[in-house]
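S.K.: mmCIF, C-alpha atoms (C1' of nucleotides), file final-v2.cif:
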```cif
data_coords
#
loop_
_atom_site.label_atom_id
_atom_site.label_comp_id
_atom_site.auth_asym_id
_atom_site.auth_seq_id
_atom_site.Cartn_x
_atom_site.Cartn_y
_atom_site.Cartn_z
CA MET A 1 0.00 0.00 0.00
CA SER A 2 1.30 3.38 -0.86
CA VAL A 3 0.56 6.69 0.75
CA THR A 4 -1.72 8.95 -1.19
CA PRO A 5 -1.99 12.67 -0.56
CA ASP A 6 -5.43 13.84 0.41
CA ASP A 7 -7.32 16.48 -1.51
CA SER A 8 -6.11 19.36 0.60
CA THR A 9 -2.52 18.51 -0.23
CA VAL A 10 -3.09 18.31 -3.96
CA ALA A 11 -5.21 21.44 -3.91
CA LEU A 12 -2.48 23.37 -2.16
CA TRP A 13 0.15 22.13 -4.58
CA VAL A 14 -1.94 23.18 -7.55
CA ARG A 15 -2.64 26.61 -6.10
CA LEU A 16 0.96 27.08 -5.11
CA THR A 17 2.29 26.49 -8.60
CA ARG A 18 -0.42 28.54 -10.22
CA ALA A 19 -0.01 31.47 -7.89
CA ALA A 20 3.76 31.49 -8.31
CA ALA A 21 3.48 31.16 -12.08
CA ALA A 22 0.85 33.90 -12.30
CA VAL A 23 2.81 36.43 -10.30
CA LEU A 24 6.06 35.57 -12.02
CA ALA A 25 4.49 35.84 -15.46
CA GLY A 26 2.95 39.17 -14.53
CA VAL A 27 6.25 40.58 -13.34
CA GLU A 28 8.16 39.32 -16.37
CA ALA A 29 5.55 40.62 -18.76
CA ARG A 30 5.71 44.09 -17.25
CA LEU A 31 9.49 44.14 -17.38
CA LYS A 32 9.50 43.02 -20.98
CA ALA A 33 6.84 45.53 -21.92
CA ALA A 34 9.03 48.25 -20.44
CA GLY A 35 12.01 47.05 -22.48
CA LEU A 36 13.84 45.93 -19.35
CA PRO A 37 15.82 42.76 -18.61
CA PRO A 38 14.25 39.70 -17.00
CA LEU A 39 13.73 39.34 -13.29
CA GLY A 40 16.74 37.09 -12.81
CA TRP A 41 18.97 40.00 -13.69
CA TYR A 42 17.38 42.16 -11.04
CA ASP A 43 18.25 39.76 -8.27
CA VAL A 44 21.91 39.69 -9.23
CA LEU A 45 22.11 43.44 -9.62
CA TRP A 46 20.45 43.91 -6.26
CA GLU A 47 22.83 41.56 -4.47
CA LEU A 48 25.77 43.34 -6.03
CA GLU A 49 24.41 46.73 -5.15
CA GLN A 50 24.09 45.67 -1.54
CA ALA A 51 27.59 44.26 -1.61
CA GLY A 52 28.97 47.62 -2.66
CA GLU A 53 32.53 48.28 -3.77
CA ALA A 54 33.80 44.95 -2.52
CA GLY A 55 31.60 43.06 -4.94
CA LEU A 56 30.83 39.38 -4.61
CA ARG A 57 32.40 36.13 -5.70
CA PRO A 58 30.26 34.18 -8.17
CA MET A 59 29.90 31.46 -5.56
CA ASP A 60 28.38 33.98 -3.18
CA VAL A 61 25.83 35.11 -5.73
CA GLU A 62 25.09 31.49 -6.42
CA ALA A 63 24.46 30.73 -2.77
CA ARG A 64 22.27 33.76 -2.16
CA LEU A 65 20.09 33.26 -5.19
CA LEU A 66 20.02 29.46 -5.05
CA LEU A 67 21.23 29.17 -8.61
CA PRO A 68 23.06 26.19 -10.08
CA GLN A 69 26.75 26.82 -10.57
CA TYR A 70 26.67 26.71 -14.35
CA GLY A 71 23.52 28.80 -14.54
CA ASN A 72 25.04 31.47 -12.37
CA SER A 73 28.24 31.42 -14.39
CA ARG A 74 26.33 32.08 -17.57
CA LEU A 75 24.00 34.63 -16.07
CA LEU A 76 26.99 36.64 -14.88
CA ALA A 77 28.55 36.29 -18.33
CA ARG A 78 25.42 37.76 -19.89
CA LEU A 79 25.38 40.62 -17.41
CA ARG A 80 29.02 41.28 -18.18
CA ALA A 81 28.34 41.20 -21.92
CA ALA A 82 25.60 43.77 -21.32
CA GLY A 83 28.02 45.95 -19.39
CA LEU A 84 26.07 45.78 -16.15
CA VAL A 85 28.71 44.04 -14.07
CA ALA A 86 32.50 43.91 -14.17
CA PHE A 87 34.85 41.06 -13.37
CA GLY A 88 38.06 41.45 -11.46
CA PRO A 89 40.62 39.12 -9.95
CA ALA A 90 39.95 37.77 -6.48
CA LYS A 91 42.66 38.79 -4.06
CA GLY A 92 44.30 35.83 -2.46
CA ASP A 93 42.63 33.26 -4.67
CA GLY A 94 43.94 32.89 -8.16
CA ARG A 95 41.09 30.63 -9.15
CA GLY A 96 38.34 33.04 -8.43
CA VAL A 97 36.96 36.33 -9.61
CA VAL A 98 35.11 39.20 -7.99
CA VAL A 99 32.04 40.65 -9.63
CA THR A 100 31.05 44.26 -9.09
CA LEU A 101 28.21 46.44 -10.28
CA THR A 102 28.95 49.01 -12.99
CA GLY A 103 27.27 52.39 -13.27
CA ASP A 104 25.05 51.00 -15.99
CA GLY A 105 24.23 48.08 -13.76
CA ARG A 106 23.13 50.36 -10.97
CA ALA A 107 21.09 52.48 -13.36
CA THR A 108 19.41 49.45 -14.83
CA ARG A 109 18.44 48.12 -11.43
CA GLN A 110 16.98 51.49 -10.55
CA GLN A 111 14.95 51.52 -13.74
CA MET A 112 13.68 48.03 -13.06
CA TRP A 113 12.54 48.64 -9.53
CA PRO A 114 9.47 50.83 -10.19
CA VAL A 115 8.18 48.33 -12.72
CA TYR A 116 8.85 45.42 -10.39
CA ALA A 117 7.28 47.30 -7.49
CA GLU A 118 4.17 48.16 -9.45
CA ALA A 119 3.79 44.52 -10.43
CA LEU A 120 4.02 43.35 -6.83
CA GLU A 121 1.50 45.95 -5.78
CA ALA A 122 -0.96 44.88 -8.43
CA LEU A 123 -0.42 41.15 -8.24
CA VAL A 124 0.18 40.59 -4.55
CA ALA A 125 -0.55 43.57 -2.34
CA ALA A 126 -3.84 44.46 -4.01
CA ARG A 127 -5.18 40.95 -3.56
CA LEU A 128 -4.45 40.21 0.09
CA THR A 129 -4.61 42.34 3.19
CA PRO A 130 -1.44 42.83 5.22
CA ALA A 131 -2.65 40.31 7.77
CA GLU A 132 -3.41 37.78 5.07
CA ARG A 133 -0.01 38.33 3.51
CA ALA A 134 1.64 37.71 6.85
CA ALA A 135 -0.38 34.54 7.37
CA ALA A 136 0.42 33.23 3.90
CA THR A 137 4.09 34.05 4.35
CA ALA A 138 4.27 32.14 7.60
CA LEU A 139 2.64 29.10 6.06
CA LEU A 140 4.77 29.12 2.95
CA ALA A 141 7.92 29.50 5.00
CA ARG A 142 7.32 25.99 6.26
CA LEU A 143 7.50 24.63 2.71
CA GLY A 144 10.78 26.17 1.73
CA MET G 145 6.22 59.39 -6.43
CA SER G 146 5.94 55.73 -7.12
CA VAL G 147 4.20 53.07 -5.12
CA THR G 148 6.47 50.81 -3.18
CA PRO G 149 5.40 47.44 -1.84
CA ASP G 150 5.69 47.11 1.89
CA ASP G 151 7.75 44.44 3.57
CA SER G 152 4.89 41.98 3.91
CA THR G 153 4.35 42.02 0.16
CA VAL G 154 7.98 41.40 -0.70
CA ALA G 155 8.28 38.76 2.00
CA LEU G 156 5.28 36.90 0.62
CA TRP G 157 6.62 37.07 -2.92
CA VAL G 158 9.97 35.69 -1.84
CA ARG G 159 8.39 32.88 0.15
CA LEU G 160 5.99 32.08 -2.63
CA THR G 161 8.70 31.60 -5.21
CA ARG G 162 10.93 29.68 -2.86
CA ALA G 163 8.19 27.38 -1.69
CA ALA G 164 7.05 26.63 -5.23
CA ALA G 165 10.63 26.08 -6.39
CA ALA G 166 11.44 23.84 -3.45
CA VAL G 167 8.44 21.58 -3.89
CA LEU G 168 8.84 21.46 -7.64
CA ALA G 169 12.52 20.62 -7.38
CA GLY G 170 11.77 17.90 -4.86
CA VAL G 171 9.16 16.32 -7.07
CA GLU G 172 11.34 16.48 -10.17
CA ALA G 173 14.32 15.08 -8.34
CA ARG G 174 12.34 12.09 -7.12
CA LEU G 175 10.96 11.39 -10.56
CA LYS G 176 14.39 11.60 -12.11
CA ALA G 177 15.90 9.40 -9.43
CA ALA G 178 13.26 6.81 -10.22
CA GLY G 179 14.12 6.98 -13.91
CA LEU G 180 10.76 8.50 -14.75
CA PRO G 181 9.80 11.39 -17.06
CA PRO G 182 9.45 14.97 -15.81
CA LEU G 183 6.35 16.29 -14.13
CA GLY G 184 5.09 18.07 -17.25
CA TRP G 185 4.56 14.71 -18.86
CA TYR G 186 2.43 13.54 -15.96
CA ASP G 187 -0.04 16.34 -16.36
CA VAL G 188 -0.60 15.60 -20.02
CA LEU G 189 -0.93 11.87 -19.41
CA TRP G 190 -3.39 12.51 -16.64
CA GLU G 191 -5.57 14.76 -18.74
CA LEU G 192 -5.60 12.22 -21.51
CA GLU G 193 -6.40 9.40 -19.14
CA GLN G 194 -9.37 11.34 -17.85
CA ALA G 195 -10.46 12.09 -21.40
CA GLY G 196 -10.57 8.39 -22.21
CA GLU G 197 -11.05 6.91 -25.64
CA ALA G 198 -12.15 10.17 -27.18
CA GLY G 199 -8.80 11.78 -26.47
CA LEU G 200 -8.22 15.49 -26.58
CA ARG G 201 -7.33 18.07 -29.16
CA PRO G 202 -3.96 19.72 -28.58
CA MET G 203 -5.74 23.00 -28.00
CA ASP G 204 -7.71 21.42 -25.17
CA VAL G 205 -4.58 20.14 -23.48
CA GLU G 206 -3.08 23.57 -23.93
CA ALA G 207 -6.03 25.27 -22.27
CA ARG G 208 -6.20 22.87 -19.33
CA LEU G 209 -2.52 22.99 -18.54
CA LEU G 210 -2.02 26.67 -19.35
CA LEU G 211 0.78 25.92 -21.77
CA PRO G 212 1.85 28.11 -24.68
CA GLN G 213 0.74 26.77 -28.03
CA TYR G 214 4.22 25.99 -29.29
CA GLY G 215 5.31 24.46 -26.00
CA ASN G 216 2.34 22.18 -25.97
CA SER G 217 2.90 21.21 -29.57
CA ARG G 218 6.44 20.13 -28.82
CA LEU G 219 5.59 18.45 -25.55
CA LEU G 220 3.03 16.31 -27.34
CA ALA G 221 5.58 15.55 -30.04
CA ARG G 222 8.00 14.28 -27.41
CA LEU G 223 5.31 12.16 -25.80
CA ARG G 224 4.47 10.72 -29.20
CA ALA G 225 8.12 10.00 -29.90
CA ALA G 226 8.26 8.16 -26.59
CA GLY G 227 5.22 6.13 -27.58
CA LEU G 228 3.09 7.41 -24.71
CA VAL G 229 0.45 9.12 -26.80
CA ALA G 230 -0.92 8.58 -30.29
CA PHE G 231 -2.12 11.11 -32.83
CA GLY G 232 -5.14 10.65 -35.01
CA PRO G 233 -7.13 12.84 -37.36
CA ALA G 234 -9.81 15.06 -35.87
CA LYS G 235 -13.20 14.22 -37.26
CA GLY G 236 -14.83 17.12 -38.90
CA ASP G 237 -11.77 19.36 -38.79
CA GLY G 238 -9.04 18.60 -41.27
CA ARG G 239 -6.64 21.03 -39.58
CA GLY G 240 -6.67 19.37 -36.23
CA VAL G 241 -5.57 16.18 -34.59
CA VAL G 242 -6.79 14.14 -31.67
CA VAL G 243 -4.34 12.87 -29.09
CA THR G 244 -5.02 9.71 -27.12
CA LEU G 245 -3.17 7.81 -24.44
CA THR G 246 -1.42 4.58 -25.43
CA GLY G 247 -1.05 1.56 -23.19
CA ASP G 248 2.50 2.61 -22.46
CA GLY G 249 1.29 6.08 -21.64
CA ARG G 250 -1.20 4.74 -19.13
CA ALA G 251 1.43 2.47 -17.60
CA THR G 252 3.91 5.32 -17.33
CA ARG G 253 1.42 7.55 -15.59
CA GLN G 254 0.67 4.79 -13.14
CA GLN G 255 4.35 4.34 -12.42
CA MET G 256 4.79 8.04 -11.88
CA TRP G 257 1.94 8.49 -9.46
CA PRO G 258 3.40 6.75 -6.39
CA VAL G 259 6.59 8.75 -6.73
CA TYR G 260 4.69 11.97 -7.21
CA ALA G 261 2.40 11.15 -4.32
CA GLU G 262 5.26 10.35 -1.98
CA ALA G 263 6.88 13.66 -2.88
CA LEU G 264 3.72 15.61 -2.09
CA GLU G 265 3.35 13.78 1.19
CA ALA G 266 6.90 14.56 2.21
CA LEU G 267 7.11 18.08 0.88
CA VAL G 268 3.64 19.42 1.51
CA ALA G 269 1.45 17.22 3.69
CA ALA G 270 4.13 16.51 6.28
CA ARG G 271 4.81 20.18 6.81
CA LEU G 272 1.36 21.65 7.24
CA THR G 273 -1.72 20.40 9.01
CA PRO G 274 -4.90 19.91 6.98
CA ALA G 275 -6.32 23.13 8.37
CA GLU G 276 -3.15 25.01 7.50
CA ARG G 277 -3.20 23.56 4.00
CA ALA G 278 -6.78 24.70 3.56
CA ALA G 279 -5.93 28.18 4.80
CA ALA G 280 -2.91 28.46 2.53
CA THR G 281 -4.91 27.20 -0.43
CA ALA G 282 -7.61 29.79 0.11
CA LEU G 283 -5.08 32.59 0.31
CA LEU G 284 -3.12 31.47 -2.73
CA ALA G 285 -6.29 31.09 -4.75
CA ARG G 286 -6.62 34.85 -4.60
CA LEU G 287 -3.27 35.27 -6.36
CA GLY G 288 -3.94 32.99 -9.27
"C1'" DG F 289 -17.89 29.43 -56.42
"C1'" DG F 290 -14.12 32.65 -55.05
"C1'" DC F 291 -11.56 35.17 -51.92
"C1'" DA F 292 -10.17 37.38 -47.52
"C1'" DA F 293 -9.81 36.56 -42.79
"C1'" DC F 294 -9.34 33.21 -39.21
"C1'" DT F 295 -7.96 29.01 -36.66
"C1'" DG F 296 -5.28 24.61 -35.32
"C1'" DA F 297 -0.95 23.02 -35.28
"C1'" DA F 298 3.97 22.72 -36.58
"C1'" DT F 299 8.61 24.65 -37.12
"C1'" DG F 300 13.21 27.59 -38.08
"C1'" DC F 301 16.05 30.10 -35.46
"C1'" DA F 302 18.07 32.29 -31.50
"C1'" DA F 303 18.59 32.02 -26.70
"C1'" DG F 304 18.51 29.53 -22.28
"C1'" DT F 305 19.24 25.19 -19.37
"C1'" DG F 306 21.11 20.76 -17.57
"C1'" DC F 307 24.67 17.67 -17.30
"C1'" DA F 308 29.14 16.35 -17.38
"C1'" DT F 309 33.53 17.69 -17.91
"C1'" DC F 310 37.53 20.65 -18.12
"C1'" DT F 311 41.10 24.07 -16.62
"C1'" DA F 312 43.42 26.35 -13.16
"C1'" DT F 313 44.53 27.05 -8.65
"C1'" DA F 314 44.59 25.73 -3.72
"C1'" DT F 315 45.15 22.64 0.21
"C1'" DG F 316 46.61 18.78 2.98
"C1'" DA F 317 49.27 14.48 3.81
"C1'" DC F 318 53.51 12.72 3.64
"C1'" DG Q 319 58.77 19.77 -2.19
"C1'" DT Q 320 55.49 16.26 -4.34
"C1'" DC Q 321 51.41 14.28 -5.10
"C1'" DA Q 322 46.50 13.32 -4.50
"C1'" DT Q 323 42.41 15.60 -3.61
"C1'" DA Q 324 39.36 19.48 -3.47
"C1'" DT Q 325 37.47 23.94 -5.01
"C1'" DA Q 326 36.26 28.14 -8.27
"C1'" DG Q 327 34.65 28.88 -12.39
"C1'" DA Q 328 33.93 28.06 -17.47
"C1'" DT Q 329 32.28 25.36 -21.36
"C1'" DG Q 330 30.88 21.58 -25.12
"C1'" DC Q 331 26.92 19.27 -26.21
"C1'" DA Q 332 22.24 17.92 -26.28
"C1'" DC Q 333 17.83 19.41 -25.21
"C1'" DT Q 334 14.22 22.88 -24.19
"C1'" DT Q 335 11.99 27.33 -24.68
"C1'" DG Q 336 10.34 31.74 -26.83
"C1'" DC Q 337 9.15 34.22 -30.69
"C1'" DA Q 338 7.68 34.75 -35.11
"C1'" DT Q 339 6.29 32.61 -38.99
"C1'" DT Q 340 4.45 29.03 -41.92
"C1'" DC Q 341 1.28 25.61 -43.58
"C1'" DA Q 342 -3.08 23.58 -44.04
"C1'" DG Q 343 -7.72 23.74 -43.61
"C1'" DT Q 344 -12.09 26.35 -42.32
"C1'" DT Q 345 -15.48 30.10 -42.29
"C1'" DG Q 346 -17.98 34.10 -43.71
"C1'" DC Q 347 -19.07 37.35 -47.25
"C1'" DC Q 348 -20.12 38.67 -51.79
#
```
Could you show the structure in this file as structure tokens?
M.R.:
Amino acid sequence: MSVTPDDSTVALWVRLTRAAAAVLAGVEARLKAAGLPPLGWYDVLWELEQAGEAGLRPMDVEARLLLPQYGNSRLLARLRAAGLVAFGPAKGDGRGVVVTLTGDGRATRQQMWPVYAEALEALVAARLTPAERAAATALLARLG
Amino acid sequence: MSVTPDDSTVALWVRLTRAAAAVLAGVEARLKAAGLPPLGWYDVLWELEQAGEAGLRPMDVEARLLLPQYGNSRLLARLRAAGLVAFGPAKGDGRGVVVTLTGDGRATRQQMWPVYAEALEALVAARLTPAERAAATALLARLG
DNA sequence: GGCAACTGAATGCAAGTGCATCTATATGAC
DNA sequence: GTCATATAGATGCACTTGCATTCAGTTGCC
């Protein structure tokens, strides 16, 4: 005999994927409509902006954003190709590099934020009260 | 002045994506470890199994699973190449086709289910009580 | 019937992803 | 110091995805 999830489990799983997909699609669509890069770029730019002058090692970005090593490597390569980040040598470790935000990178993140923010307002904040958002957050935290 | 989401909105968005990604990754990892096809295949096989002998038009599958037209077209092509579904002409519409489940397709779906079910038990049911699952489902329904 | 507009489905091409592997450097045992 | 092992990051290859377009067949209008 095998375990079988009850209806409430399946229902939650379905809603979870749909909700995440709907919000994500809404955010991406708004960014694209505004001629801005995809959401994945924002996360990297934001981490680097917080890291400041010192920058971050690719492995740090990888760990913070939960990206696979090769995916992160290529994402950073695209950002570099677009001039939004710069690579430098890592002091004390000849294997590694340090990635820092460029001026264009900072500007791009700042352009993305209002669009991203508007999307979250419309797709999340407008649909649940603050108390409901807090409740949902607490429940979802247990799944991650 | 632009609107800016408050902390509870951003926190929910972060948790939502992480929770969905975590559960999805867990399910996919279990399927792969068992040598089974990815989750996307399951959904199609399940819809076709429910549709029975009559099968479904690709556009119907597309609508039920919220897939883009081209993605659905190629997904069905892969399933056909794997021998899990069969294509036939659509009566009364020379443009269309009808997709039906093969014996192998039915068997594959049945092999996938226990793995999928175990994953949902471990990743969702084991972490939230039935009442919590119901509450989370109701909240997430408002986002989708 | 003939033709424009539409619909169902497939596909060429560019870009992204996963996996395994590779290169270069670093570290630890001896 | 030397060698095996481990770590940081990049990359070749196959596969998947997104976008735009194409192809075939249908529908409505005259």
S.K.: Taking the file as I've supplied it (selection: the PyMOL selection byres ((chain Q and resi 329) around 10)), which residues are included? Please answer as an MDAnalysis selection string.
M.R.: (chainID A and resid 70 74) or (chainID F and resid 309:310) or (chainID Q and resid 327:328 330:331)
S.K.: Please expand the PyMOL selection byres ((chain A) within 9 of (chain G)) into the concrete residues it hits in this file, giving the result as a PDB file with C-alpha atoms, keeping the file's coordinate frame.
M.R.:
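Result went into part.pdb, see below:
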```pdb
ATOM      1  CA  SER A   2       1.300   3.380  -0.860  1.00  0.00           C
ATOM      2  CA  VAL A   3       0.560   6.690   0.750  1.00  0.00           C
ATOM      3  CA  THR A   4      -1.720   8.950  -1.190  1.00  0.00           C
ATOM      4  CA  PRO A   5      -1.990  12.670  -0.560  1.00  0.00           C
ATOM      5  CA  ASP A   6      -5.430  13.840   0.410  1.00  0.00           C
ATOM      6  CA  SER A   8      -6.110  19.360   0.600  1.00  0.00           C
ATOM      7  CA  THR A   9      -2.520  18.510  -0.230  1.00  0.00           C
ATOM      8  CA  VAL A  10      -3.090  18.310  -3.960  1.00  0.00           C
ATOM      9  CA  ALA A  11      -5.210  21.440  -3.910  1.00  0.00           C
ATOM     10  CA  LEU A  12      -2.480  23.370  -2.160  1.00  0.00           C
ATOM     11  CA  TRP A  13       0.150  22.130  -4.580  1.00  0.00           C
ATOM     12  CA  VAL A  14      -1.940  23.180  -7.550  1.00  0.00           C
ATOM     13  CA  ARG A  15      -2.640  26.610  -6.100  1.00  0.00           C
ATOM     14  CA  LEU A  16       0.960  27.080  -5.110  1.00  0.00           C
ATOM     15  CA  THR A  17       2.290  26.490  -8.600  1.00  0.00           C
ATOM     16  CA  ARG A  18      -0.420  28.540 -10.220  1.00  0.00           C
ATOM     17  CA  ALA A  19      -0.010  31.470  -7.890  1.00  0.00           C
ATOM     18  CA  ALA A  20       3.760  31.490  -8.310  1.00  0.00           C
ATOM     19  CA  ALA A  21       3.480  31.160 -12.080  1.00  0.00           C
ATOM     20  CA  ALA A  22       0.850  33.900 -12.300  1.00  0.00           C
ATOM     21  CA  VAL A  23       2.810  36.430 -10.300  1.00  0.00           C
ATOM     22  CA  LEU A  24       6.060  35.570 -12.020  1.00  0.00           C
ATOM     23  CA  PRO A 114       9.470  50.830 -10.190  1.00  0.00           C
ATOM     24  CA  ALA A 117       7.280  47.300  -7.490  1.00  0.00           C
ATOM     25  CA  GLU A 118       4.170  48.160  -9.450  1.00  0.00           C
ATOM     26  CA  LEU A 120       4.020  43.350  -6.830  1.00  0.00           C
ATOM     27  CA  GLU A 121       1.500  45.950  -5.780  1.00  0.00           C
ATOM     28  CA  LEU A 123      -0.420  41.150  -8.240  1.00  0.00           C
ATOM     29  CA  VAL A 124       0.180  40.590  -4.550  1.00  0.00           C
ATOM     30  CA  ALA A 125      -0.550  43.570  -2.340  1.00  0.00           C
ATOM     31  CA  ARG A 127      -5.180  40.950  -3.560  1.00  0.00           C
ATOM     32  CA  LEU A 128      -4.450  40.210   0.090  1.00  0.00           C
ATOM     33  CA  PRO A 130      -1.440  42.830   5.220  1.00  0.00           C
ATOM     34  CA  ALA A 131      -2.650  40.310   7.770  1.00  0.00           C
ATOM     35  CA  GLU A 132      -3.410  37.780   5.070  1.00  0.00           C
ATOM     36  CA  ARG A 133      -0.010  38.330   3.510  1.00  0.00           C
ATOM     37  CA  ALA A 134       1.640  37.710   6.850  1.00  0.00           C
ATOM     38  CA  ALA A 135      -0.380  34.540   7.370  1.00  0.00           C
ATOM     39  CA  ALA A 136       0.420  33.230   3.900  1.00  0.00           C
ATOM     40  CA  THR A 137       4.090  34.050   4.350  1.00  0.00           C
ATOM     41  CA  ALA A 138       4.270  32.140   7.600  1.00  0.00           C
ATOM     42  CA  LEU A 139       2.640  29.100   6.060  1.00  0.00           C
ATOM     43  CA  LEU A 140       4.770  29.120   2.950  1.00  0.00           C
ATOM     44  CA  ALA A 141       7.920  29.500   5.000  1.00  0.00           C
ATOM     45  CA  ARG A 142       7.320  25.990   6.260  1.00  0.00           C
ATOM     46  CA  LEU A 143       7.500  24.630   2.710  1.00  0.00           C
ATOM     47  CA  GLY A 144      10.780  26.170   1.730  1.00  0.00           C
TER      48      GLY A 144
END
```
S.K.: On this file, the PyMOL selection byres ((chain A) within 9 of (chain Q)) gives some set of residues; write that set as a list in words.
M.R.: Pro58, Met59, Gln69, Tyr70, Ser73, Arg74, Asp93, Arg95, Gly96 and Val97 of chain A
S.K.: Could you please tell me, as a VMD selection string, which residues of chain F have an atom within 10 Å of chain A when using only C-alpha atoms (C1' of nucleotides)?
M.R.: chain F and resid 304 to 307 311 to 314
S.K.: Between CA of Leu228 in chain G and CA of Leu245 in chain G, what distance in Å does the model show, to one decimal?
M.R.: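 About the pair CA of Leu228 in chain G and CA of Leu245 in chain G: they are 6.3 Å apart.
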S.K.: Return as JSON the box centre and box size in Å, one decimal, for an axis-aligned box around all listed atoms of range 2-20 of chain A padded by 3 Å per side.
M.R.:
```
{"center_x": -1.8, "center_y": 17.4, "center_z": -4.7, "size_x": 17.1, "size_y": 34.1, "size_z": 17.0}
```
S.K.: Ranking A:Ala54, A:Val98, A:Ala63, A:Leu45 by minimum distance to Gly83 in chain A and counting only C-alpha atoms, which one comes first?
M.R.: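 Among the listed residues, the smallest separation from Gly83 in chain A belongs to A:Leu45.
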S.K.: Hey, which of G:Gly236, G:Gly196, G:Gly170, G:Gly247 ends up closest to Leu183 in chain G? Count only C-alpha atoms.
M.R.: G:Gly170
S.K.: Work out how far CA of Trp185 in chain G is from CA of Arg250 in chain G, in Å to one decimal.
M.R.: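 Distance reported for this atom pair: 11.5 Å.
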S.K.: Quote the spacing between CA of Leu67 in chain A and CA of Arg222 in chain G in Å to one decimal place.
M.R.: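 Those two atoms sit 27.4 Å apart.
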S.K.: Kindly add N, CA and C atoms to the incomplete range 33-44 of chain A and provide the output as an mmCIF file, keeping the file's coordinate frame.
M.R.:
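This went into rebuild02.cif:
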```cif
data_model
loop_
_atom_site.group_PDB
_atom_site.id
_atom_site.type_symbol
_atom_site.label_atom_id
_atom_site.label_comp_id
_atom_site.auth_asym_id
_atom_site.auth_seq_id
_atom_site.Cartn_x
_atom_site.Cartn_y
_atom_site.Cartn_z
ATOM 1 N N ALA A 33 7.594 44.448 -21.276
ATOM 2 C CA ALA A 33 6.840 45.530 -21.920
ATOM 3 C C ALA A 33 7.555 46.862 -21.759
ATOM 4 N N ALA A 34 8.309 47.002 -20.677
ATOM 5 C CA ALA A 34 9.030 48.250 -20.440
ATOM 6 C C ALA A 34 10.427 48.222 -21.076
ATOM 7 N N GLY A 35 10.703 47.158 -21.826
ATOM 8 C CA GLY A 35 12.010 47.050 -22.480
ATOM 9 C C GLY A 35 13.143 46.802 -21.498
ATOM 10 N N LEU A 36 12.829 46.183 -20.377
ATOM 11 C CA LEU A 36 13.840 45.930 -19.350
ATOM 12 C C LEU A 36 14.224 44.454 -19.311
ATOM 13 N N PRO A 37 15.355 44.160 -18.685
ATOM 14 C CA PRO A 37 15.820 42.760 -18.610
ATOM 15 C C PRO A 37 14.920 41.917 -17.722
ATOM 16 N N PRO A 38 15.078 40.603 -17.803
ATOM 17 C CA PRO A 38 14.250 39.700 -17.000
ATOM 18 C C PRO A 38 14.561 39.795 -15.508
ATOM 19 N N LEU A 39 13.652 39.264 -14.735
ATOM 20 C CA LEU A 39 13.730 39.340 -13.290
ATOM 21 C C LEU A 39 15.022 38.768 -12.705
ATOM 22 N N GLY A 40 15.514 37.704 -13.310
ATOM 23 C CA GLY A 40 16.740 37.090 -12.810
ATOM 24 C C GLY A 40 17.896 38.088 -12.743
ATOM 25 N N TRP A 41 17.917 38.987 -13.686
ATOM 26 C CA TRP A 41 18.970 40.000 -13.690
ATOM 27 C C TRP A 41 18.828 40.921 -12.490
ATOM 28 N N TYR A 42 17.602 41.252 -12.166
ATOM 29 C CA TYR A 42 17.380 42.160 -11.040
ATOM 30 C C TYR A 42 18.005 41.616 -9.770
ATOM 31 N N ASP A 43 17.768 40.363 -9.522
ATOM 32 C CA ASP A 43 18.250 39.760 -8.270
ATOM 33 C C ASP A 43 19.763 39.874 -8.155
ATOM 34 N N VAL A 44 20.451 39.593 -9.255
ATOM 35 C CA VAL A 44 21.910 39.690 -9.230
ATOM 36 C C VAL A 44 22.341 41.141 -9.008
#
```
